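Below is one structure, written out as structure tokens; the observations come after it.
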Amino acid sequence: MFTRFQATSTRLSALVGRCHPPLAANTAISPRYWKSGDDDGAPSCSTEQEKVPLILFCHANGFCKDVWKPVAEELASMATKPFRWIAFDVSGHGSSKRLPIAKAKGWEFAAQDVISVVEELSDGSPILGVGHSLGATSLILSKLDATKKSSLKNIRSLVLFEPIILGPEKDDTTSVPLAEMAKRRRNRFESVEAFHKYISSRKNFSTFDPRSVDAYVRGGTRISADGNGVELACEPETESALYVNGPRHLRPRLCEVDVPCHVVCGMRSPLPMDPAWFRGLVEAASTPPRPP
């Protein structure tokens with residue numbers, strides 16, 4: 001699997017990969033997808049008509065693009081046809097630009113991040129959007145942006161892991177516990193190794209694939225401003241503000257998303273939302289809007 005880093009003009013950091021899986025190596029169809037000679041050494045599509053599918057990965061609040069690489073590796077081991085993938089750091093996360101707290105309201109910035117990545121880094125191939133939490137919601141928001149329908153027409157379907165769809169503030173029992181938890185998060189560590197040891201000891205990370213923990217440690221930290229140790233790339237104040245300021249207008253509009261969506265949730269996820277809550281989202285998305 002070939003990977004490289006790219007950046008958008010809006011200062012978003014992306015990891016771009018191309019996979020020619022072992023199971024596709026001996027098929028008659030696979031060679032037509034590639035040609036050699038790219039400046040990065042990776043194979044690319046041979047003609048406009050033979051572009052391979054693209055998977056667009058969008059991470060959760062507080063995480064980073066790197067956590068999707070082990071997922072792409074697993075997909076490559078099972079796939080029977082080549083595919084491309086892009087994972088990017090949402091504003092305020094990883095190696096992307098900082099996010100002013102004032103811009104957190106409604107998560108519209110995250111939808112614009114999706115749009116920017118699709119417009120600059122995709123090549124017109126069919127796109128499968130895969131998002132977790134904030135990332136899942138940002139995909140929904142981008143598909144509801146009427147001004148960008150032509151730019152996003154190649155997003156053909158969505159896989160949404162635990163999308164955060166908040167209700168009216170008076171009914172909200174979800175965002176406050178998550179925001180409080182984020183605000184208390186430790187932010188500085190003596191070294192990357194110290195952060196890795198700390199994370200590995202936390203209950204919420206106990207079931208993570210070790211590759212995902214390594215990826216989070218690598219991509220979710222940066223050198224501290226004073227040069228002494230490392231700190232979280234997504235500051236606790238930013239993560240907390242994002243939970244509190246999540247979009248509250250989405251539930252009635254879910255039925256407007258014009259592509260197939262698959263909603264996935266964990267049976268043991270430490271969240272205030274349970275599987276019944278996510279089933280309610282699916283029902284809302286399946287209910288046609290009432291006539292005015």
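Chain lettering (A, B, ...) mirrors the order of the structure tokens, residue numbering begins at 1 for each chain separately, and ligand numbering begins at 1 in order of display.
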Using DSSP on the backbone coordinates, identify the residues of segment 3-221 of chain A assigned to strand (DSSP E or B); present them as an NGL selection string. :A and (3-7 or 13-19 or 35 or 44 or 54-58 or 83-88 or 127-132 or 155-161 or 188-189 or 221)
Spatial neighbours of segment 282-285 of chain A, max dist 7 Å, only C-alpha atoms, sep filter under 4 positions, as a list in words: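 Selected residues are Arg251, Pro252, Leu254, Cys255 and Phe278 of chain A.
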Measuring between only C-alpha atoms, which one of A:Glu180, A:Asn204, A:Trp85, A:Pro247 shows the shortest distance to Leu121 of chain A?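 Residue with the minimum atom-to-atom distance to Leu121 of chain A: A:Trp85.
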Residue with smallest distance to Val159 of chain A - pool A:Ser191, A:Glu108, A:Val263, A:Ile55, counting only C-alpha atoms: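 Selected residue with least distance to Val159 of chain A: A:Val263.
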Quick check for you: according to DSSP on this backbone, which residues of segment 177-231 of chain A are classed as helix (DSSP H, G or I)? Reply as a VMD selection string. chain A and resid 177 to 183 192 to 200 203 to 205 210 to 219
Write a file of the selected residues as a PDB file, in the first residue's frame, keeping C-alpha atoms.
ATOM      1  CA  PRO A 177     -21.074  14.736  29.923  1.00  0.00           C
ATOM      2  CA  LEU A 178     -18.823  14.423  26.858  1.00  0.00           C
ATOM      3  CA  ALA A 179     -17.741  18.068  27.120  1.00  0.00           C
ATOM      4  CA  GLU A 180     -16.945  17.764  30.815  1.00  0.00           C
ATOM      5  CA  MET A 181     -14.917  14.619  30.204  1.00  0.00           C
ATOM      6  CA  ALA A 182     -12.946  16.350  27.425  1.00  0.00           C
ATOM      7  CA  LYS A 183     -12.290  19.441  29.555  1.00  0.00           C
ATOM      8  CA  VAL A 192       5.614  10.657  23.264  1.00  0.00           C
ATOM      9  CA  GLU A 193       6.537   7.473  25.116  1.00  0.00           C
ATOM     10  CA  ALA A 194       4.975   8.808  28.324  1.00  0.00           C
ATOM     11  CA  PHE A 195       1.784   9.660  26.460  1.00  0.00           C
ATOM     12  CA  HIS A 196       1.693   6.184  24.908  1.00  0.00           C
ATOM     13  CA  LYS A 197       2.036   4.582  28.341  1.00  0.00           C
ATOM     14  CA  TYR A 198      -0.690   6.832  29.761  1.00  0.00           C
ATOM     15  CA  ILE A 199      -3.143   6.171  26.927  1.00  0.00           C
ATOM     16  CA  SER A 200      -2.551   2.433  27.002  1.00  0.00           C
ATOM     17  CA  LYS A 203     -10.056   2.048  30.177  1.00  0.00           C
ATOM     18  CA  ASN A 204     -11.528   3.706  27.071  1.00  0.00           C
ATOM     19  CA  PHE A 205      -8.494   2.603  25.041  1.00  0.00           C
ATOM     20  CA  PRO A 210      -2.537  -1.511  19.245  1.00  0.00           C
ATOM     21  CA  ARG A 211      -1.939  -0.112  15.752  1.00  0.00           C
ATOM     22  CA  SER A 212      -4.685   2.448  16.319  1.00  0.00           C
ATOM     23  CA  VAL A 213      -3.218   3.455  19.679  1.00  0.00           C
ATOM     24  CA  ASP A 214       0.195   3.909  18.042  1.00  0.00           C
ATOM     25  CA  ALA A 215      -1.373   5.960  15.254  1.00  0.00           C
ATOM     26  CA  TYR A 216      -3.236   8.206  17.699  1.00  0.00           C
ATOM     27  CA  VAL A 217      -0.082   8.794  19.737  1.00  0.00           C
ATOM     28  CA  ARG A 218       1.856   9.645  16.578  1.00  0.00           C
ATOM     29  CA  GLY A 219      -0.726  11.860  14.883  1.00  0.00           C
TER      30      GLY A 219
END
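Distances to Leu139 of chain A were evaluated for A:Cys234, A:Val90, A:Ala72, A:Ala102 using only C-alpha atoms, and the minimum falls at A:Val90.
If only C-alpha atoms are the atoms counted, then among A:Cys58, A:Lys81, A:Lys143, A:Val71 the closest residue to Val117 of chain A is A:Cys58.
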Ranking A:Met78, A:Ile127, A:Val176, A:Ile86 by minimum distance to Ala14 of chain A and counting only C-alpha atoms, which one comes first?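 Among A:Met78, A:Ile127, A:Val176, A:Ile86, it is A:Ile86 that comes nearest to Ala14 of chain A.
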Name the closest residue to Ile223 of chain A among the candidates A:Phe5, A:Phe109, A:Phe189, A:Phe63; distances are taken between atoms, counting only C-alpha atoms. A:Phe189
Close residues, segment 273-276 of chain A itself excluded, 12 Å, only C-alpha atoms, min 3 positions apart in chain, as number ranges by chain: A: 133, 161-166, 172-175, 177-178, 263-270, 279-283
